[in-house]
>>> print(open('coords_33.cif').read())   # mmCIF, C-alpha atoms and all ligand atoms
data_entry
#
loop_
_atom_site.label_atom_id
_atom_site.label_comp_id
_atom_site.auth_asym_id
_atom_site.auth_seq_id
_atom_site.Cartn_x
_atom_site.Cartn_y
_atom_site.Cartn_z
CA MET A 201 -228.30 42.20 -183.47
CA LYS A 202 -231.47 40.48 -184.75
CA ILE A 203 -232.58 40.78 -188.38
CA LEU A 204 -235.94 39.65 -189.72
CA GLY A 205 -235.51 38.35 -193.28
CA ILE A 206 -238.32 38.04 -195.84
CA GLU A 207 -238.08 36.12 -199.14
CA SER A 208 -240.65 35.79 -201.94
CA SER A 209 -238.61 35.88 -205.18
CA CYS A 210 -239.98 32.67 -206.73
CA ASP A 211 -242.05 29.82 -205.29
CA GLU A 212 -241.19 29.82 -201.58
CA THR A 213 -242.67 32.27 -199.09
CA ALA A 214 -240.12 32.52 -196.29
CA ALA A 215 -239.30 34.49 -193.16
CA ALA A 216 -236.50 34.05 -190.62
CA VAL A 217 -234.83 35.71 -187.68
CA VAL A 218 -231.02 35.54 -187.62
CA GLU A 219 -228.71 36.89 -184.93
CA ASP A 220 -225.49 38.68 -185.88
CA GLY A 221 -225.63 37.30 -189.43
CA ARG A 222 -224.79 33.73 -188.42
CA LYS A 223 -227.17 32.24 -185.85
CA ILE A 224 -230.61 31.08 -187.00
CA LEU A 225 -233.30 31.76 -184.39
CA SER A 226 -236.11 30.73 -186.75
CA ASN A 227 -236.37 29.80 -190.42
CA ILE A 228 -239.88 29.28 -191.83
CA VAL A 229 -240.37 28.24 -195.46
CA SER A 230 -243.76 27.72 -197.06
CA THR A 231 -243.17 26.01 -200.39
CA GLN A 232 -245.56 26.19 -203.32
CA ILE A 233 -244.11 23.17 -205.13
CA GLU A 234 -247.27 21.06 -204.95
CA ARG A 235 -249.35 23.88 -206.44
CA HIS A 236 -247.03 24.33 -209.44
CA LYS A 237 -246.29 20.63 -210.04
CA ILE A 238 -249.26 20.00 -212.33
CA PHE A 239 -248.02 22.76 -214.66
CA GLY A 240 -244.47 21.35 -214.78
CA GLY A 241 -242.97 24.66 -213.61
CA VAL A 242 -243.66 27.86 -211.70
CA VAL A 243 -246.70 29.86 -212.87
CA PRO A 244 -245.84 33.47 -211.91
CA GLU A 245 -249.43 34.66 -211.36
CA ILE A 246 -250.17 31.72 -209.05
CA ALA A 247 -246.87 32.27 -207.21
CA SER A 248 -247.78 35.91 -206.45
CA ARG A 249 -251.23 35.00 -205.19
CA LEU A 250 -249.91 32.23 -202.93
CA HIS A 251 -247.27 34.59 -201.47
CA THR A 252 -250.05 37.06 -200.68
CA GLU A 253 -252.05 34.34 -198.92
CA SER A 254 -249.24 33.03 -196.73
CA ILE A 255 -246.85 35.89 -196.01
CA SER A 256 -248.54 37.18 -192.83
CA TYR A 257 -248.65 33.70 -191.32
CA VAL A 258 -245.03 32.92 -192.26
CA VAL A 259 -243.67 36.18 -190.82
CA GLY A 260 -245.74 35.79 -187.63
CA LYS A 261 -244.52 32.22 -187.20
CA SER A 262 -240.87 33.23 -187.68
CA LEU A 263 -241.14 35.86 -184.93
CA GLU A 264 -242.97 33.45 -182.65
CA GLN A 265 -240.40 30.64 -183.12
CA ALA A 266 -237.55 33.07 -182.50
CA GLY A 267 -239.28 34.13 -179.29
CA CYS A 268 -239.43 37.74 -180.51
CA THR A 269 -241.84 40.49 -181.25
CA LEU A 270 -241.19 43.12 -183.87
CA SER A 271 -239.84 45.42 -181.16
CA ASP A 272 -236.90 43.02 -180.55
CA ILE A 273 -235.89 43.21 -184.23
CA ASP A 274 -233.15 45.64 -185.32
CA ALA A 275 -234.01 45.74 -189.04
CA VAL A 276 -236.27 44.18 -191.68
CA ALA A 277 -234.34 42.73 -194.64
CA VAL A 278 -236.17 41.77 -197.83
CA THR A 279 -235.26 40.25 -201.20
CA TYR A 280 -235.96 42.97 -203.78
CA ALA A 281 -234.17 41.57 -206.90
CA PRO A 282 -233.77 39.56 -209.08
CA GLY A 283 -236.76 37.22 -209.41
CA LEU A 284 -240.36 37.03 -210.58
CA ILE A 285 -241.55 40.60 -210.36
CA GLY A 286 -245.07 39.93 -209.05
CA ALA A 287 -243.67 37.52 -206.45
CA LEU A 288 -240.96 39.94 -205.29
CA LEU A 289 -243.48 42.77 -204.93
CA VAL A 290 -245.43 40.81 -202.31
CA GLY A 291 -242.39 40.51 -200.02
CA VAL A 292 -241.18 44.04 -200.70
CA ASN A 293 -244.54 45.60 -199.93
CA TYR A 294 -245.03 43.49 -196.83
CA ALA A 295 -241.57 44.46 -195.55
CA LYS A 296 -242.28 48.13 -196.28
CA GLY A 297 -245.49 47.89 -194.27
CA LEU A 298 -243.69 46.29 -191.31
CA SER A 299 -240.91 48.86 -191.44
CA PHE A 300 -243.34 51.79 -191.65
CA ALA A 301 -245.53 50.49 -188.83
CA SER A 302 -242.66 49.61 -186.49
CA GLY A 303 -240.16 52.33 -187.38
CA LYS A 304 -237.49 49.63 -187.92
CA PRO A 305 -234.98 50.21 -190.74
CA LEU A 306 -235.66 48.54 -194.10
CA VAL A 307 -232.74 46.79 -195.83
CA PRO A 308 -232.97 45.66 -199.49
CA VAL A 309 -231.13 42.39 -200.23
CA HIS A 310 -230.00 41.04 -203.60
CA HIS A 311 -231.14 37.43 -204.04
CA LEU A 312 -227.76 36.05 -205.18
CA ARG A 313 -225.87 37.86 -202.42
CA SER A 314 -228.19 36.10 -199.99
CA HIS A 315 -227.50 32.69 -201.55
CA ILE A 316 -223.80 33.32 -200.82
CA ALA A 317 -224.70 34.22 -197.22
CA SER A 318 -226.15 30.71 -196.73
CA ASP A 319 -222.48 29.68 -196.49
CA TYR A 320 -221.85 32.19 -193.66
CA ILE A 321 -224.57 30.45 -191.65
CA THR A 322 -223.26 26.96 -192.49
CA HIS A 323 -219.56 27.80 -191.89
CA PRO A 324 -219.24 30.18 -188.93
CA ASP A 325 -215.54 30.81 -189.65
CA LEU A 326 -216.01 31.65 -193.36
CA GLU A 327 -215.07 35.24 -194.21
CA PRO A 328 -214.34 37.01 -197.50
CA PRO A 329 -212.26 37.11 -199.64
CA PHE A 330 -213.09 33.92 -201.55
CA LEU A 331 -214.11 32.69 -204.98
CA CYS A 332 -217.77 31.72 -205.29
CA LEU A 333 -219.62 29.72 -207.92
CA VAL A 334 -223.27 30.77 -207.71
CA VAL A 335 -225.44 28.17 -209.42
CA SER A 336 -229.17 28.71 -209.12
CA GLY A 337 -232.28 28.26 -211.25
CA GLY A 338 -231.84 31.55 -213.08
CA ASN A 339 -228.14 32.38 -212.71
CA THR A 340 -224.66 30.92 -213.12
CA LEU A 341 -221.86 33.20 -211.99
CA LEU A 342 -218.23 33.03 -210.94
CA VAL A 343 -217.80 35.82 -208.41
CA LYS A 344 -214.86 37.15 -206.46
CA VAL A 345 -216.32 37.98 -203.05
CA ASN A 346 -213.86 40.63 -201.85
CA GLY A 347 -216.01 41.66 -198.88
CA TYR A 348 -219.49 41.00 -197.51
CA THR A 349 -220.91 43.68 -199.81
CA ASP A 350 -218.11 43.83 -202.41
CA PHE A 351 -218.44 41.56 -205.45
CA LYS A 352 -216.65 41.25 -208.79
CA VAL A 353 -218.13 39.01 -211.48
CA ILE A 354 -215.39 37.21 -213.43
CA GLY A 355 -217.55 34.67 -215.30
CA ARG A 356 -221.22 34.39 -216.19
CA THR A 357 -223.54 32.39 -218.39
CA ARG A 358 -224.12 33.87 -221.82
CA ASP A 359 -227.50 32.19 -222.16
CA ASP A 360 -229.24 29.68 -219.88
CA ALA A 361 -228.36 29.01 -216.26
CA ALA A 362 -227.06 25.56 -215.27
CA GLY A 363 -230.22 25.02 -213.16
CA GLU A 364 -232.43 25.89 -216.13
CA ALA A 365 -230.63 23.31 -218.30
CA LEU A 366 -230.95 20.62 -215.61
CA ASP A 367 -234.65 21.43 -215.14
CA LYS A 368 -235.24 21.25 -218.91
CA ALA A 369 -233.42 17.92 -219.17
CA ALA A 370 -235.51 16.53 -216.30
CA ARG A 371 -238.72 17.67 -217.95
CA THR A 372 -237.69 16.21 -221.31
CA LEU A 373 -237.00 12.90 -219.57
CA GLY A 374 -240.49 12.95 -218.05
CA LEU A 375 -239.35 13.64 -214.48
CA PRO A 376 -241.64 15.72 -212.25
CA TYR A 377 -241.07 19.34 -211.21
CA PRO A 378 -238.82 20.41 -209.51
CA GLY A 379 -236.52 18.94 -212.14
CA GLY A 380 -232.98 19.37 -210.79
CA VAL A 381 -233.39 17.37 -207.62
CA ASN A 382 -235.39 14.63 -209.36
CA LEU A 383 -232.76 14.34 -212.10
CA ASP A 384 -230.09 14.07 -209.41
CA LYS A 385 -231.98 11.18 -207.76
CA ALA A 386 -232.94 9.42 -211.00
CA SER A 387 -229.33 9.51 -212.27
CA ALA A 388 -227.75 7.92 -209.20
CA GLY A 389 -225.44 5.11 -210.30
CA GLY A 390 -225.97 5.90 -214.03
CA ASP A 391 -223.24 5.63 -216.69
CA ILE A 392 -221.78 9.10 -217.33
CA ASN A 393 -220.28 7.90 -220.63
CA ALA A 394 -223.44 6.33 -222.05
CA TYR A 395 -224.33 9.44 -224.07
CA THR A 396 -222.01 12.14 -225.44
CA PHE A 397 -222.73 15.84 -225.29
CA PRO A 398 -220.91 18.79 -226.90
CA LYS A 399 -218.38 20.75 -224.83
CA PRO A 400 -219.72 24.30 -224.54
CA ARG A 401 -217.30 26.94 -225.83
CA VAL A 402 -217.41 30.70 -225.37
CA SER A 403 -214.91 32.61 -227.46
CA ASP A 404 -213.76 35.77 -225.69
CA ASN A 405 -213.92 35.01 -221.94
CA PRO A 406 -212.71 31.55 -220.90
CA LEU A 407 -214.57 31.92 -217.57
CA ASP A 408 -218.00 32.45 -219.19
CA PHE A 409 -220.49 29.58 -219.50
CA SER A 410 -223.03 28.50 -222.09
CA PHE A 411 -225.69 25.88 -221.42
CA SER A 412 -228.20 26.45 -224.24
CA GLY A 413 -226.35 24.07 -226.62
CA LEU A 414 -226.38 21.32 -224.02
CA LYS A 415 -230.06 21.91 -223.41
CA THR A 416 -230.84 21.59 -227.12
CA ALA A 417 -228.64 18.48 -227.34
CA VAL A 418 -230.55 16.64 -224.61
CA ILE A 419 -233.89 17.54 -226.20
CA ASN A 420 -232.62 16.29 -229.60
CA THR A 421 -231.29 13.05 -228.11
CA VAL A 422 -234.65 12.22 -226.53
CA HIS A 423 -236.57 13.31 -229.63
CA ASN A 424 -234.42 11.27 -232.06
CA ALA A 425 -234.64 8.18 -229.88
CA SER A 426 -238.43 8.41 -229.68
CA GLN A 427 -238.68 8.86 -233.47
CA LYS A 428 -236.58 5.74 -233.99
CA GLY A 429 -238.55 3.87 -231.34
CA GLU A 430 -235.39 3.42 -229.25
CA GLU A 431 -235.65 3.23 -225.50
CA ILE A 432 -233.86 5.86 -223.43
CA SER A 433 -232.26 5.01 -220.11
CA VAL A 434 -233.28 7.91 -217.88
CA ARG A 435 -230.59 6.91 -215.40
CA ASP A 436 -227.76 6.86 -217.96
CA LEU A 437 -228.89 9.88 -219.97
CA GLY A 438 -229.47 11.83 -216.74
CA ALA A 439 -226.00 10.90 -215.48
CA SER A 440 -224.35 11.75 -218.83
CA PHE A 441 -226.12 15.10 -219.04
CA GLN A 442 -225.35 16.06 -215.46
CA ASN A 443 -221.74 15.08 -216.12
CA ALA A 444 -221.63 17.45 -219.12
CA VAL A 445 -223.06 20.33 -217.05
CA VAL A 446 -220.79 19.59 -214.08
CA ASN A 447 -217.72 19.31 -216.35
CA SER A 448 -218.37 22.80 -217.66
CA LEU A 449 -218.84 24.21 -214.13
CA VAL A 450 -215.71 22.49 -212.82
CA THR A 451 -213.52 23.41 -215.83
CA ASN A 452 -214.25 27.13 -215.57
CA THR A 453 -214.02 27.13 -211.79
CA GLU A 454 -210.57 25.53 -212.02
CA LYS A 455 -209.45 28.20 -214.51
CA ALA A 456 -210.74 30.89 -212.11
CA VAL A 457 -208.99 29.30 -209.11
CA ILE A 458 -205.66 29.40 -211.00
CA GLN A 459 -206.19 32.88 -212.49
CA GLU A 460 -207.19 34.44 -209.18
CA ASN A 461 -204.79 32.40 -207.03
CA CYS A 462 -207.65 31.39 -204.70
CA THR A 463 -207.36 29.50 -201.45
CA THR A 464 -211.08 29.26 -200.60
CA LEU A 465 -213.82 28.06 -202.93
CA VAL A 466 -217.49 28.50 -202.01
CA LEU A 467 -220.58 27.15 -203.77
CA ALA A 468 -224.02 28.70 -203.46
CA GLY A 469 -227.53 28.42 -204.97
CA GLY A 470 -230.01 25.61 -205.54
CA VAL A 471 -227.76 23.58 -207.87
CA SER A 472 -225.06 23.45 -205.18
CA ALA A 473 -227.24 20.67 -203.67
CA ASN A 474 -226.36 18.45 -206.65
CA SER A 475 -224.49 15.33 -205.55
CA MET A 476 -222.27 15.00 -208.63
CA LEU A 477 -221.31 18.69 -208.47
CA ARG A 478 -220.44 18.38 -204.76
CA GLN A 479 -218.26 15.35 -205.40
CA ARG A 480 -216.39 16.87 -208.35
CA MET A 481 -215.84 20.22 -206.62
CA THR A 482 -214.54 18.41 -203.54
CA GLU A 483 -212.02 16.62 -205.80
CA LEU A 484 -211.03 19.94 -207.39
CA ALA A 485 -210.48 21.47 -203.95
CA LYS A 486 -208.28 18.53 -202.97
CA LYS A 487 -206.21 18.86 -206.16
CA HIS A 488 -205.50 22.56 -205.50
CA SER A 489 -205.41 22.33 -201.67
CA LEU A 490 -208.39 24.67 -201.35
CA LYS A 491 -210.75 25.12 -198.44
CA ILE A 492 -214.19 24.29 -199.86
CA CYS A 493 -217.60 25.32 -198.52
CA PHE A 494 -221.07 24.19 -199.56
CA PRO A 495 -224.27 25.47 -197.95
CA ASP A 496 -226.08 23.01 -195.69
CA LEU A 497 -228.57 21.13 -197.90
CA SER A 498 -231.45 22.76 -196.02
CA LEU A 499 -230.15 26.21 -197.06
CA CYS A 500 -229.39 25.53 -200.76
CA GLY A 501 -232.89 26.40 -201.95
CA ASP A 502 -234.63 29.71 -201.38
CA ASN A 503 -235.03 30.61 -197.70
CA ALA A 504 -235.11 33.74 -195.57
CA ALA A 505 -232.31 32.86 -193.14
CA MET A 506 -229.86 33.68 -195.93
CA VAL A 507 -231.71 36.97 -196.54
CA ALA A 508 -231.46 37.91 -192.86
CA SER A 509 -227.76 36.94 -192.83
CA GLN A 510 -226.87 39.06 -195.88
CA GLY A 511 -229.26 41.74 -194.57
CA TYR A 512 -227.12 41.95 -191.41
CA TYR A 513 -223.95 42.62 -193.43
CA GLU A 514 -225.74 45.13 -195.67
CA PHE A 515 -227.19 46.83 -192.57
CA ILE A 516 -223.86 47.20 -190.76
CA GLY A 517 -222.42 48.41 -194.08
CA GLY A 518 -224.97 51.27 -193.93
CA LYS A 519 -227.50 50.15 -196.52
CA ARG A 520 -231.08 51.36 -196.05
CA ALA A 521 -234.18 51.72 -198.21
CA ASP A 522 -237.09 54.12 -197.81
CA MET A 523 -240.76 53.72 -198.70
CA SER A 524 -239.97 54.18 -202.40
CA LEU A 525 -238.19 50.78 -202.56
CA ASN A 526 -239.27 48.86 -205.65
CA ALA A 527 -238.66 45.30 -206.82
CA ALA A 528 -236.61 44.50 -209.95
CA ALA A 529 -236.81 41.35 -212.08
CA THR A 530 -233.16 41.65 -213.10
CA MET A 531 -230.22 43.18 -211.25
CA PRO A 532 -226.48 42.40 -211.38
CA ILE A 533 -224.96 41.19 -208.12
CA THR A 534 -222.83 44.35 -208.02
CA GLU A 535 -226.14 46.29 -207.98
CA GLU A 536 -224.62 48.66 -210.57
CA GLU A 537 -226.98 48.81 -213.54
O1 LIG B 601 -231.33 28.82 -205.93
P1 LIG B 601 -232.64 28.24 -206.28
O2 LIG B 601 -233.47 27.62 -205.22
O3 LIG B 601 -233.54 29.25 -207.04
C1 LIG B 601 -233.08 30.41 -207.60
O4 LIG B 601 -232.72 31.30 -206.82
O5 LIG B 601 -233.02 30.44 -208.86
O6 LIG B 601 -232.29 27.16 -207.38
C2 LIG B 601 -233.26 26.39 -207.98
C3 LIG B 601 -232.53 25.49 -208.95
C4 LIG B 601 -233.49 24.75 -209.84
O7 LIG B 601 -233.03 24.82 -211.17
C5 LIG B 601 -233.42 23.35 -209.28
O8 LIG B 601 -233.75 22.38 -210.21
C6 LIG B 601 -231.99 23.27 -208.88
O9 LIG B 601 -231.75 24.52 -208.26
N1 LIG B 601 -231.70 22.16 -207.94
C7 LIG B 601 -230.88 21.14 -208.26
C8 LIG B 601 -230.86 20.27 -207.15
N2 LIG B 601 -231.66 20.80 -206.20
C9 LIG B 601 -232.16 21.97 -206.71
N3 LIG B 601 -230.19 20.90 -209.37
C10 LIG B 601 -229.46 19.78 -209.39
N4 LIG B 601 -229.39 18.89 -208.38
C11 LIG B 601 -230.07 19.09 -207.25
N5 LIG B 601 -229.98 18.22 -206.24
#
>>> encode(input="coords_33.cif", output="structure tokens", more="lines below")
Ligand code: KG4
Amino acid sequence: MKILGIESSCDETAAAVVEDGRKILSNIVSTQIERHKIFGGVVPEIASRLHTESISYVVGKSLEQAGCTLSDIDAVAVTYAPGLIGALLVGVNYAKGLSFASGKPLVPVHHLRSHIASDYITHPDLEPPFLCLVVSGGNTLLVKVNGYTDFKVIGRTRDDAAGEALDKAARTLGLPYPGGVNLDKASAGGDINAYTFPKPRVSDNPLDFSFSGLKTAVINTVHNASQKGEEISVRDLGASFQNAVVNSLVTNTEKAVIQENCTTLVLAGGVSANSMLRQRMTELAKKHSLKICFPDLSLCGDNAAMVASQGYYEFIGGKRADMSLNAAATMPITEEE
């Protein structure tokens, strides 16, 4: 079964064809990074306009590379939530048009569910149930994946996402957008103990996260140093800050592993590309004899192969949308509002 996936939730316009949820036949990503760089972050209005400009080309190219026409496709899957609303609407409306014109079923896909599906493509033998840490630019969640379309959130951030904190730290340290990956590179070999950061605490759920205090702490550290005329080591401060974020992610994940008696741990989302996080989670998996899965680096960021993969599982689970499908800026992964 071949699914055409379409993704436009933030700053990548993407389309892909995936067979039976696991085999990539094409995976086209048009990134807008260069156009947002001068602003230091994504400008939503510009993102929407660029999606509108490139979506036809990207979808056409994905069909061409897969050696397909629309008639060979079994369903059109599209990211409908969560994300930048104007950006999402471009993909949703395009997918609705394709579905209407071709008579192919339309399948709405939740963005974070699709990030998890990037691990199905990377690890052909991976099947639920497993514990998943979803760490992206806008979300940080500990999820029990009981089935391909059955999710239970057991931990979440109370404020900022881990990716948001890393991006903010990068920006404060003068590193270019996109922050997370540049902070990762700039911190390589840095001293993780050079600077101290508070340990985030959340009172009533030990599996919940909080990153806003860490974010404020890194801003204050840089600010105070510049007021005193002290020089900051980007490498050491970057390494110390990443260590603080990673410690929090690893600590809660370990608690979840023990609480839920897990045997398989999966990471998903843009931040799962982070080298320190990968190393520390690999150590955690070794300590508890867990099977551990990371997405292939090429699938950590936003792409449509993961949308087509999750779309396949949603489709065989019976999910369909009609021409009234709308986009939503926020939506829990359980899709129960
Ligand atoms: O999953 P994603 O592409 O977008 C959302 O769906 O939100 O994640 C983007 C996030 C950004 O915060 C970006 O800085 C971060 O992932 N990121 C990284 C790395 N690569 C991307 N963070 C840390 N280290 C990296 N190597």
>>> closest_residue(input="coords_33.cif", among="A:Ala394, A:Ile316, A:Val466, A:Ala505", to="Ile206 (chain A)", atoms="all atoms listed in the file")
A:Ala505
>>> closest_residue(input="coords_33.cif", among="A:Lys486, A:Arg480, A:Lys296, A:Lys261", to="Met523 (chain A)", atoms="all atoms listed in the file")
A:Lys296
>>> residues_near_point(input="coords_33.cif", point="(-223.4, 44.8, -209.9)", cutoff="10 Å", atoms="all atoms listed in the file", output="JSON, numbers by chain")
{"A": [310, 350, 351, 352, 353, 531, 532, 533, 534, 535, 536, 537]}
>>> write_last_selection(input="coords_33.cif", atoms="C-alpha atoms", output="mmCIF file, in the coordinates of the input")
data_model
loop_
_atom_site.group_PDB
_atom_site.id
_atom_site.type_symbol
_atom_site.label_atom_id
_atom_site.label_comp_id
_atom_site.auth_asym_id
_atom_site.auth_seq_id
_atom_site.Cartn_x
_atom_site.Cartn_y
_atom_site.Cartn_z
ATOM 1 C CA HIS A 310 -230.000 41.040 -203.600
ATOM 2 C CA ASP A 350 -218.110 43.830 -202.410
ATOM 3 C CA PHE A 351 -218.440 41.560 -205.450
ATOM 4 C CA LYS A 352 -216.650 41.250 -208.790
ATOM 5 C CA VAL A 353 -218.130 39.010 -211.480
ATOM 6 C CA MET A 531 -230.220 43.180 -211.250
ATOM 7 C CA PRO A 532 -226.480 42.400 -211.380
ATOM 8 C CA ILE A 533 -224.960 41.190 -208.120
ATOM 9 C CA THR A 534 -222.830 44.350 -208.020
ATOM 10 C CA GLU A 535 -226.140 46.290 -207.980
ATOM 11 C CA GLU A 536 -224.620 48.660 -210.570
ATOM 12 C CA GLU A 537 -226.980 48.810 -213.540
#
>>> closest_residue(input="coords_33.cif", among="A:His315, A:Arg478, A:Lys237, A:Lys385", to="Thr279 (chain A)", atoms="only C-alpha atoms")
A:His315
>>> residues_near_ligand(input="coords_33.cif", ligand="ligand LIG 601 (chain B)", cutoff="6 Å", atoms="all atoms listed in the file", output="ChimeraX atom specification")
/A:336-338,363-364,367,378-381,384,469-471,473-474,501-502
>>> residues_around(input="coords_33.cif", residues="region 317-330 of chain A", least_positions_apart="6", cutoff="9 Å", atoms="only C-alpha atoms", output="ChimeraX atom specification")
/A:221-224,343-348,462-469,493-496,499-500,503,505-510
>>> closest_residue(input="coords_33.cif", among="A:Asn452, A:Asn393, A:Thr349, A:Asn382", to="Gly517 (chain A)", atoms="only C-alpha atoms")
A:Thr349
>>> atom_distance(input="coords_33.cif", atom1="CA of Val309 (chain A)", atom2="CA of Gly518 (chain A)")
12.5 Å
>>> atom_distance(input="coords_33.cif", atom1="CA of Gly240 (chain A)", atom2="CA of Leu437 (chain A)")
20.0 Å
>>> residues_around(input="coords_33.cif", residues="Asp404 (chain A)", least_positions_apart="5", cutoff="12 Å", atoms="all atoms listed in the file", output="number ranges by chain")
A: 355, 358, 409
>>> closest_residue(input="coords_33.cif", among="A:Glu430, A:Asp211, A:Asp360, A:Asp274", to="Arg249 (chain A)", atoms="all atoms listed in the file")
A:Asp211
>>> atom_distance(input="coords_33.cif", atom1="CA of Glu460 (chain A)", atom2="CA of Met481 (chain A)")
16.8 Å
>>> residues_around(input="coords_33.cif", residues="region 433-435 of chain A", least_positions_apart="3", cutoff="12 Å", atoms="only C-alpha atoms", output="count of residues only")
32
>>> residues_around(input="coords_33.cif", residues="Tyr512 (chain A)", least_positions_apart="6", cutoff="8 Å", atoms="all atoms listed in the file", output="PDB file with C-alpha atoms, keeping the file's coordinate frame")
ATOM      1  CA  ILE A 203    -232.580  40.780-188.380  1.00  0.00           C
ATOM      2  CA  ASP A 220    -225.490  38.680-185.880  1.00  0.00           C
ATOM      3  CA  GLY A 221    -225.630  37.300-189.430  1.00  0.00           C
ATOM      4  CA  ALA A 277    -234.340  42.730-194.640  1.00  0.00           C
TER       5      ALA A 277
END
